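Participant: Okay, so here is protein_25.pdb, and as you'll see once you scroll down, it has PDB, C-alpha atoms.
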MODEL        1
ATOM      1  CA  MET A  36    -109.096   0.584 -30.421  1.00  0.00           C
ATOM      2  CA  GLY A  37    -106.209   0.594 -27.905  1.00  0.00           C
ATOM      3  CA  PHE A  38    -104.634   3.989 -27.456  1.00  0.00           C
ATOM      4  CA  PHE A  39    -107.094   5.662 -29.854  1.00  0.00           C
ATOM      5  CA  GLN A  40    -109.825   5.473 -27.211  1.00  0.00           C
ATOM      6  CA  LYS A  41    -107.766   7.757 -25.010  1.00  0.00           C
ATOM      7  CA  LEU A  42    -107.235  10.433 -27.606  1.00  0.00           C
ATOM      8  CA  THR A  43    -109.172  13.680 -27.440  1.00  0.00           C
ATOM      9  CA  GLY A  44    -109.269  16.698 -29.674  1.00  0.00           C
ATOM     10  CA  GLY A  45    -110.919  19.984 -30.445  1.00  0.00           C
ATOM     11  CA  THR A  46    -113.146  18.313 -33.017  1.00  0.00           C
ATOM     12  CA  ASP A  47    -116.376  19.493 -34.619  1.00  0.00           C
ATOM     13  CA  ALA A  48    -118.918  17.406 -32.705  1.00  0.00           C
ATOM     14  CA  ASN A  49    -121.567  17.972 -35.359  1.00  0.00           C
ATOM     15  CA  LEU A  50    -119.266  16.664 -38.084  1.00  0.00           C
ATOM     16  CA  LEU A  51    -118.561  13.555 -36.025  1.00  0.00           C
ATOM     17  CA  GLN A  52    -122.303  12.987 -35.701  1.00  0.00           C
ATOM     18  CA  THR A  53    -123.422  13.764 -39.257  1.00  0.00           C
ATOM     19  CA  GLY A  54    -120.360  13.231 -41.456  1.00  0.00           C
ATOM     20  CA  ILE A  55    -119.990  10.397 -43.943  1.00  0.00           C
ATOM     21  CA  PRO A  56    -118.052   7.543 -42.286  1.00  0.00           C
ATOM     22  CA  GLY A  57    -114.865   6.365 -43.930  1.00  0.00           C
ATOM     23  CA  ARG A  58    -111.362   5.001 -43.445  1.00  0.00           C
ATOM     24  CA  GLY A  59    -108.296   7.197 -43.225  1.00  0.00           C
ATOM     25  CA  VAL A  60    -104.649   6.250 -43.635  1.00  0.00           C
ATOM     26  CA  ILE A  61    -102.452   8.729 -41.777  1.00  0.00           C
ATOM     27  CA  LEU A  62     -99.890  10.023 -44.278  1.00  0.00           C
ATOM     28  CA  ALA A  63     -98.282  12.725 -42.128  1.00  0.00           C
ATOM     29  CA  VAL A  64     -98.574  14.298 -38.681  1.00  0.00           C
ATOM     30  CA  GLN A  65     -97.300  17.824 -38.067  1.00  0.00           C
ATOM     31  CA  PRO A  66     -97.382  18.816 -34.374  1.00  0.00           C
ATOM     32  CA  GLY A  67     -98.165  22.488 -33.831  1.00  0.00           C
ATOM     33  CA  GLY A  68     -97.243  24.882 -31.086  1.00  0.00           C
ATOM     34  CA  THR A  69    -100.632  24.968 -29.359  1.00  0.00           C
ATOM     35  CA  THR A  70    -101.079  22.820 -26.248  1.00  0.00           C
ATOM     36  CA  LEU A  71    -103.890  22.395 -23.765  1.00  0.00           C
ATOM     37  CA  GLN A  72    -104.081  20.730 -20.371  1.00  0.00           C
ATOM     38  CA  ILE A  73    -107.419  20.252 -18.644  1.00  0.00           C
ATOM     39  CA  ALA A  74    -107.193  19.879 -14.848  1.00  0.00           C
ATOM     40  CA  ASN A  75    -104.564  17.206 -14.185  1.00  0.00           C
ATOM     41  CA  GLY A  76    -105.073  15.460 -17.517  1.00  0.00           C
ATOM     42  CA  LEU A  77    -102.414  14.717 -20.087  1.00  0.00           C
ATOM     43  CA  THR A  78    -101.188  17.595 -22.216  1.00  0.00           C
ATOM     44  CA  GLU A  79    -102.862  17.776 -25.614  1.00  0.00           C
ATOM     45  CA  ARG A  80    -101.154  19.241 -28.663  1.00  0.00           C
ATOM     46  CA  ALA A  81    -102.798  20.538 -31.824  1.00  0.00           C
ATOM     47  CA  CYS A  82    -101.582  18.563 -34.840  1.00  0.00           C
ATOM     48  CA  THR A  83    -102.196  18.833 -38.549  1.00  0.00           C
ATOM     49  CA  PHE A  84    -102.977  15.431 -40.054  1.00  0.00           C
ATOM     50  CA  THR A  85    -102.665  14.598 -43.738  1.00  0.00           C
ATOM     51  CA  VAL A  86    -104.930  11.666 -44.494  1.00  0.00           C
ATOM     52  CA  GLU A  87    -105.785   9.409 -47.428  1.00  0.00           C
ATOM     53  CA  VAL A  88    -109.558   9.098 -47.129  1.00  0.00           C
ATOM     54  CA  THR A  89    -111.660   6.258 -48.545  1.00  0.00           C
ATOM     55  CA  LEU A  90    -115.447   6.541 -48.456  1.00  0.00           C
ATOM     56  CA  ASP A  91    -118.016   4.097 -49.828  1.00  0.00           C
ATOM     57  CA  ASN A  92    -117.944   4.008 -53.640  1.00  0.00           C
ATOM     58  CA  THR A  93    -115.718   7.091 -53.780  1.00  0.00           C
ATOM     59  CA  PRO A  94    -112.162   7.212 -55.165  1.00  0.00           C
ATOM     60  CA  ALA A  95    -109.569   7.663 -52.417  1.00  0.00           C
ATOM     61  CA  TYR A  96    -108.419  11.244 -51.928  1.00  0.00           C
ATOM     62  CA  GLN A  97    -106.173  13.288 -49.644  1.00  0.00           C
ATOM     63  CA  ALA A  98    -107.446  15.746 -47.072  1.00  0.00           C
ATOM     64  CA  SER A  99    -106.072  17.422 -43.976  1.00  0.00           C
ATOM     65  CA  CYS A 100    -107.449  18.486 -40.633  1.00  0.00           C
ATOM     66  CA  LYS A 101    -106.222  19.998 -37.398  1.00  0.00           C
ATOM     67  CA  GLN A 102    -107.072  18.243 -34.138  1.00  0.00           C
ATOM     68  CA  ARG A 103    -105.713  18.000 -30.622  1.00  0.00           C
ATOM     69  CA  VAL A 104    -104.285  14.706 -29.410  1.00  0.00           C
ATOM     70  CA  GLN A 105    -102.552  13.750 -26.205  1.00  0.00           C
ATOM     71  CA  GLU A 106     -98.847  14.307 -26.741  1.00  0.00           C
ATOM     72  CA  VAL A 107     -97.784  10.904 -25.444  1.00  0.00           C
ATOM     73  CA  TYR A 108     -99.649   9.188 -28.286  1.00  0.00           C
ATOM     74  CA  ILE A 109     -98.298  11.245 -31.194  1.00  0.00           C
ATOM     75  CA  PRO A 110     -95.319   8.869 -31.826  1.00  0.00           C
ATOM     76  CA  GLN A 111     -97.773   5.999 -32.282  1.00  0.00           C
ATOM     77  CA  PHE A 112     -99.091   7.487 -35.519  1.00  0.00           C
ATOM     78  CA  VAL A 113     -97.083   5.683 -38.220  1.00  0.00           C
ATOM     79  CA  PRO A 114     -97.336   7.437 -41.608  1.00  0.00           C
ATOM     80  CA  GLY A 115     -98.684   5.083 -44.247  1.00  0.00           C
ATOM     81  CA  ALA A 116     -99.633   2.421 -41.711  1.00  0.00           C
ATOM     82  CA  THR A 117    -101.955   3.863 -39.055  1.00  0.00           C
ATOM     83  CA  VAL A 118    -105.617   3.592 -40.071  1.00  0.00           C
ATOM     84  CA  VAL A 119    -108.331   5.578 -38.281  1.00  0.00           C
ATOM     85  CA  ALA A 120    -112.033   6.250 -38.669  1.00  0.00           C
ATOM     86  CA  VAL A 121    -112.877   9.531 -40.362  1.00  0.00           C
ATOM     87  CA  ARG A 122    -115.997  11.585 -40.960  1.00  0.00           C
ATOM     88  CA  ALA A 123    -116.339  13.720 -44.084  1.00  0.00           C
ATOM     89  CA  ASP A 124    -118.663  16.666 -44.600  1.00  0.00           C
ATOM     90  CA  PRO A 125    -121.274  15.590 -47.210  1.00  0.00           C
ATOM     91  CA  GLN A 126    -121.194  19.110 -48.682  1.00  0.00           C
ATOM     92  CA  ASP A 127    -117.400  19.372 -48.763  1.00  0.00           C
ATOM     93  CA  LEU A 128    -115.526  16.059 -48.706  1.00  0.00           C
ATOM     94  CA  SER A 129    -112.222  17.854 -48.108  1.00  0.00           C
ATOM     95  CA  ARG A 130    -113.494  18.834 -44.658  1.00  0.00           C
ATOM     96  CA  ILE A 131    -112.876  15.869 -42.373  1.00  0.00           C
ATOM     97  CA  ALA A 132    -112.609  14.952 -38.714  1.00  0.00           C
ATOM     98  CA  LEU A 133    -110.734  12.000 -37.236  1.00  0.00           C
ATOM     99  CA  ASP A 134    -112.962   9.804 -35.080  1.00  0.00           C
ATOM    100  CA  PHE A 135    -110.692   8.246 -32.476  1.00  0.00           C
ATOM    101  CA  ASN A 136    -113.581   6.759 -30.498  1.00  0.00           C
ATOM    102  CA  ASN A 137    -114.714   4.277 -33.149  1.00  0.00           C
ATOM    103  CA  PRO A 138    -112.976   1.632 -35.265  1.00  0.00           C
ATOM    104  CA  PRO A 139    -112.450   2.292 -38.979  1.00  0.00           C
ATOM    105  CA  PRO A 140    -115.490   1.033 -40.922  1.00  0.00           C
ATOM    106  CA  THR A 141    -115.383  -1.394 -43.825  1.00  0.00           C
ATOM    107  CA  VAL A 142    -115.937   0.546 -47.049  1.00  0.00           C
ATOM    108  CA  THR A 143    -116.753  -0.431 -50.634  1.00  0.00           C
ATOM    109  CA  VAL A 144    -114.008   0.352 -53.144  1.00  0.00           C
ATOM    110  CA  ALA A 145    -115.081   2.548 -56.047  1.00  0.00           C
ATOM    111  CA  SER A 146    -114.742   1.154 -59.556  1.00  0.00           C
ATOM    112  CA  GLN A 147    -112.432   3.191 -61.771  1.00  0.00           C
ATOM    113  CA  PRO A 148    -113.897   4.023 -65.222  1.00  0.00           C
ATOM    114  CA  GLY A 149    -111.642   2.830 -68.024  1.00  0.00           C
ATOM    115  CA  GLN A 150    -109.472   0.773 -65.672  1.00  0.00           C
ATOM    116  CA  GLU A 151    -109.226  -3.006 -65.922  1.00  0.00           C
ATOM    117  CA  SER A 152    -111.184  -4.695 -63.173  1.00  0.00           C
ATOM    118  CA  ALA A 153    -110.133  -7.888 -61.418  1.00  0.00           C
ATOM    119  CA  ALA A 154    -112.812  -9.704 -63.424  1.00  0.00           C
ATOM    120  CA  ASP A 155    -111.360  -8.328 -66.680  1.00  0.00           C
ATOM    121  CA  ILE A 156    -107.874  -9.546 -65.812  1.00  0.00           C
ATOM    122  CA  LEU A 157    -109.140 -12.970 -64.742  1.00  0.00           C
ATOM    123  CA  ALA A 158    -110.976 -13.286 -68.057  1.00  0.00           C
ATOM    124  CA  THR A 159    -108.242 -12.061 -70.413  1.00  0.00           C
ATOM    125  CA  GLY A 160    -104.985 -12.092 -68.434  1.00  0.00           C
ATOM    126  CA  ILE A 161    -101.917 -14.262 -68.954  1.00  0.00           C
ATOM    127  CA  PRO A 162    -101.691 -17.275 -66.584  1.00  0.00           C
ATOM    128  CA  ALA A 163     -98.708 -17.327 -64.219  1.00  0.00           C
ATOM    129  CA  ARG A 164     -97.776 -18.355 -60.687  1.00  0.00           C
ATOM    130  CA  ALA A 165     -97.007 -16.175 -57.682  1.00  0.00           C
ATOM    131  CA  VAL A 166     -95.650 -16.678 -54.190  1.00  0.00           C
ATOM    132  CA  ILE A 167     -97.305 -14.754 -51.379  1.00  0.00           C
ATOM    133  CA  VAL A 168     -94.690 -12.787 -49.439  1.00  0.00           C
ATOM    134  CA  GLN A 169     -97.085 -10.868 -47.210  1.00  0.00           C
ATOM    135  CA  THR A 170    -100.800 -10.207 -46.943  1.00  0.00           C
ATOM    136  CA  GLN A 171    -103.218  -8.297 -44.749  1.00  0.00           C
ATOM    137  CA  PRO A 172    -106.900  -7.307 -44.874  1.00  0.00           C
ATOM    138  CA  LEU A 173    -107.600  -3.782 -46.099  1.00  0.00           C
ATOM    139  CA  GLY A 174    -110.916  -3.256 -44.325  1.00  0.00           C
ATOM    140  CA  MET A 175    -112.527  -2.723 -47.722  1.00  0.00           C
ATOM    141  CA  GLN A 176    -114.819  -4.649 -50.046  1.00  0.00           C
ATOM    142  CA  ASN A 177    -115.324  -4.644 -53.789  1.00  0.00           C
ATOM    143  CA  ALA A 178    -118.694  -3.889 -55.364  1.00  0.00           C
ATOM    144  CA  ALA A 179    -119.660  -7.565 -55.032  1.00  0.00           C
ATOM    145  CA  GLY A 180    -119.113  -7.454 -51.273  1.00  0.00           C
ATOM    146  CA  VAL A 181    -115.897  -9.523 -51.302  1.00  0.00           C
ATOM    147  CA  ASP A 182    -113.236  -8.488 -48.794  1.00  0.00           C
ATOM    148  CA  MET A 183    -110.114  -6.847 -50.213  1.00  0.00           C
ATOM    149  CA  HIS A 184    -106.633  -7.874 -49.081  1.00  0.00           C
ATOM    150  CA  ALA A 185    -103.264  -6.260 -49.720  1.00  0.00           C
ATOM    151  CA  PHE A 186    -100.614  -8.596 -51.118  1.00  0.00           C
ATOM    152  CA  VAL A 187     -96.900  -8.518 -51.664  1.00  0.00           C
ATOM    153  CA  LEU A 188     -96.366 -11.104 -54.391  1.00  0.00           C
ATOM    154  CA  THR A 189     -93.373 -12.546 -56.181  1.00  0.00           C
ATOM    155  CA  VAL A 190     -94.800 -13.104 -59.648  1.00  0.00           C
ATOM    156  CA  ILE A 191     -93.280 -15.959 -61.683  1.00  0.00           C
ATOM    157  CA  PRO A 192     -94.217 -15.524 -65.364  1.00  0.00           C
ATOM    158  CA  THR A 193     -93.641 -18.422 -67.741  1.00  0.00           C
ATOM    159  CA  GLY A 194     -90.359 -17.848 -69.549  1.00  0.00           C
ATOM    160  CA  SER A 195     -89.609 -14.525 -67.818  1.00  0.00           C
ATOM    161  CA  GLN A 196     -87.786 -13.296 -64.736  1.00  0.00           C
ATOM    162  CA  PRO A 197     -89.710 -13.211 -61.435  1.00  0.00           C
ATOM    163  CA  TYR A 198     -90.600  -9.795 -60.069  1.00  0.00           C
ATOM    164  CA  GLN A 199     -92.232  -8.450 -56.919  1.00  0.00           C
ATOM    165  CA  ILE A 200     -95.340  -6.285 -56.739  1.00  0.00           C
ATOM    166  CA  GLN A 201     -97.849  -4.927 -54.246  1.00  0.00           C
ATOM    167  CA  VAL A 202    -101.518  -5.264 -55.167  1.00  0.00           C
ATOM    168  CA  GLY A 203    -104.976  -5.249 -53.640  1.00  0.00           C
ATOM    169  CA  ASN A 204    -107.159  -8.222 -54.563  1.00  0.00           C
ATOM    170  CA  PRO A 205    -110.661  -9.416 -53.679  1.00  0.00           C
ATOM    171  CA  THR A 206    -110.297 -12.509 -51.518  1.00  0.00           C
ATOM    172  CA  PRO A 207    -113.290 -14.746 -50.742  1.00  0.00           C
ATOM    173  CA  PRO A 208    -113.558 -16.459 -47.335  1.00  0.00           C
ATOM    174  CA  GLU A 209    -112.826 -19.892 -48.806  1.00  0.00           C
ATOM    175  CA  ALA A 210    -109.403 -18.629 -49.948  1.00  0.00           C
ATOM    176  CA  LEU A 211    -108.230 -17.754 -46.428  1.00  0.00           C
ATOM    177  CA  PRO A 212    -106.298 -21.064 -45.973  1.00  0.00           C
ATOM    178  CA  PHE A 213    -103.995 -19.936 -48.814  1.00  0.00           C
ATOM    179  CA  LEU A 214    -103.027 -16.698 -47.064  1.00  0.00           C
ATOM    180  CA  PHE A 215     -99.623 -17.480 -45.610  1.00  0.00           C
ATOM    181  CA  PRO A 216     -96.065 -16.492 -46.583  1.00  0.00           C
ATOM    182  CA  GLY A 217     -94.680 -18.913 -49.145  1.00  0.00           C
ATOM    183  CA  SER A 218     -98.073 -19.941 -50.495  1.00  0.00           C
ATOM    184  CA  ASN A 219     -97.782 -20.610 -54.237  1.00  0.00           C
ATOM    185  CA  VAL A 220    -100.950 -19.569 -56.055  1.00  0.00           C
ATOM    186  CA  PRO A 221    -102.149 -19.252 -59.661  1.00  0.00           C
ATOM    187  CA  VAL A 222    -102.530 -15.698 -60.945  1.00  0.00           C
ATOM    188  CA  LYS A 223    -103.506 -13.840 -64.081  1.00  0.00           C
ATOM    189  CA  VAL A 224    -101.293 -10.993 -65.312  1.00  0.00           C
ATOM    190  CA  SER A 225    -102.802  -8.164 -67.316  1.00  0.00           C
ATOM    191  CA  ALA A 226    -101.693  -8.215 -70.945  1.00  0.00           C
ATOM    192  CA  GLN A 227    -101.608  -4.408 -70.782  1.00  0.00           C
ATOM    193  CA  ASN A 228     -99.707  -3.917 -67.530  1.00  0.00           C
ATOM    194  CA  ALA A 229     -97.498  -6.516 -65.851  1.00  0.00           C
ATOM    195  CA  GLN A 230     -97.996  -4.717 -62.529  1.00  0.00           C
ATOM    196  CA  SER A 231    -101.718  -5.559 -62.584  1.00  0.00           C
ATOM    197  CA  VAL A 232    -102.002  -9.069 -61.182  1.00  0.00           C
ATOM    198  CA  VAL A 233    -105.016 -10.904 -59.771  1.00  0.00           C
ATOM    199  CA  VAL A 234    -104.902 -14.149 -57.824  1.00  0.00           C
ATOM    200  CA  ASP A 235    -107.078 -16.763 -59.549  1.00  0.00           C
ATOM    201  CA  TRP A 236    -108.832 -18.123 -56.481  1.00  0.00           C
ATOM    202  CA  GLN A 237    -111.136 -20.361 -58.502  1.00  0.00           C
ATOM    203  CA  ALA A 238    -108.123 -22.104 -60.023  1.00  0.00           C
ATOM    204  CA  ALA A 239    -106.464 -22.349 -56.613  1.00  0.00           C
ATOM    205  CA  LEU A 240    -109.573 -23.875 -55.056  1.00  0.00           C
ATOM    206  CA  ASN A 241    -110.213 -26.230 -57.977  1.00  0.00           C
ATOM    207  CA  PRO A 242    -106.817 -27.468 -59.200  1.00  0.00           C
ATOM    208  CA  PRO A 243    -106.782 -29.773 -62.244  1.00  0.00           C
ATOM    209  CA  SER A 244    -106.778 -33.478 -61.528  1.00  0.00           C
ATOM    210  CA  PRO A 245    -103.358 -35.134 -61.829  1.00  0.00           C
TER     211      PRO A 245
ENDMDL
END
If you convert what's in this file into structure tokens, what do you get?

Facilitator:
Amino acid sequence: MGFFQKLTGGTDANLLQTGIPGRGVILAVQPGGTTLQIANGLTERACTFTVEVTLDNTPAYQASCKQRVQEVYIPQFVPGATVVAVRADPQDLSRIALDFNNPPPTVTVASQPGQESAADILATGIPARAVIVQTQPLGMQNAAGVDMHAFVLTVIPTGSQPYQIQVGNPTPPEALPFLFPGSNVPVKVSAQNAQSVVVDWQAALNPPSP
């Protein structure tokens, strides 16, 4: 957890104990004017956090909360990049607390009604190639329990200009050797939306014989 273990705050202890666990991406931090110093400890400042919250099988949503953190650690919150554990009130999901004492849990991504799934795109999409520019685990799984990874891809459609996208794709353990910058992998591109691209790991793992 690094510096998160040292953070403290005026947090609802009951919410931390009974709230639904989830992952939170810090979108914004607004330091307030209230500070507190206990004995000779570091000065704590009340901050308002705007967070993108992801709970199991629940669409991601934004919520905010006010908590105290030690001032020296405030610059280490990077909007859009810092991920923390959160707890959400089961009766009111907009009421959250940041749990700095525990790592963010792995959560299951909710399926979106009416939206093409990765399986749909693999079944009906247009074959193409893509070069992996960057990838990292998301700390999430799809409904089948496969880990999700974020990708920056340069997509190379047949007969069209290459373009770059950012996507989240399920990535089985056997595909991990392909996860390096410059890796050229087969993909399927949605016929409905060229920004919806899924890496075809089965094709990558079982290339046709020469």

Participant: Give me the range 111-181 of chain A side of the contact with range 222-245 of chain A, cut-off 8 Å, one line per residue showing its nearest atom pair and distance in Å at one decimal, counting all atoms listed in the file, sorted by chain and residue number, as a tab-separated table.

Facilitator:
residue	atom	partner	partner_atom	distance
A:Ala153	CA	A:Val233	CA	6.2
A:Ile156	CA	A:Ser225	CA	5.5
A:Leu157	CA	A:Lys223	CA	5.7
A:Thr159	CA	A:Ser225	CA	7.4
A:Gly160	CA	A:Ser225	CA	4.6
A:Ile161	CA	A:Val224	CA	4.9
A:Pro162	CA	A:Lys223	CA	4.6
A:Ala163	CA	A:Val222	CA	5.3
A:Arg164	CA	A:Val222	CA	5.5
A:Ala165	CA	A:Val222	CA	6.4

Participant: If you apply the PyMOL selection byres ((chain A and resi 48-62) around 8) to this file, what residues do you get, as a PyMOL selection string?

Facilitator: chain A and resi 46-47+63-64+84-91+112-125+131-132+134+139-142

Participant: Once the PyMOL selection byres ((chain A and resi 214) around 12) has been evaluated on this model, what residues remain selected, and can you format them as a ChimeraX atom specification?

Facilitator: /A:166-172,184-188,206-213,215-220,234,236,239

Participant: Could you tell me how far CA of Pro66 in chain A sits from CA of Ile109 in chain A, in Å to one decimal place?

Facilitator: 8.3 Å

Participant: Quick one, how far is CA of Ala95 in chain A from CA of Pro110 in chain A?

Facilitator: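 These atoms are spaced 25.1 Å apart.
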
Participant: To one decimal in Å, tell me the separation between CA of Ser129 in chain A and CA of Ala98 in chain A.

Facilitator: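 Computing the Euclidean distance for CA of Ser129 in chain A and CA of Ala98 in chain A yields 5.3 Å.
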
Participant: Skipping near chain neighbours, those fewer than 2 positions away, what residues fall within 9 Å of Leu71 in chain A using all atoms listed in the file, listed as a PyMOL selection string?

Facilitator: chain A and resi 69+73+77-81+103

Participant: Could you give me the centre and size, in Å to one decimal, of an axis-aligned box around all listed atoms of range 193-209 of chain A with 8 Å added on every side, as JSON?

Facilitator:
{"center_x": -100.7, "center_y": -12.4, "center_z": -58.4, "size_x": 41.8, "size_y": 31.0, "size_z": 38.2}
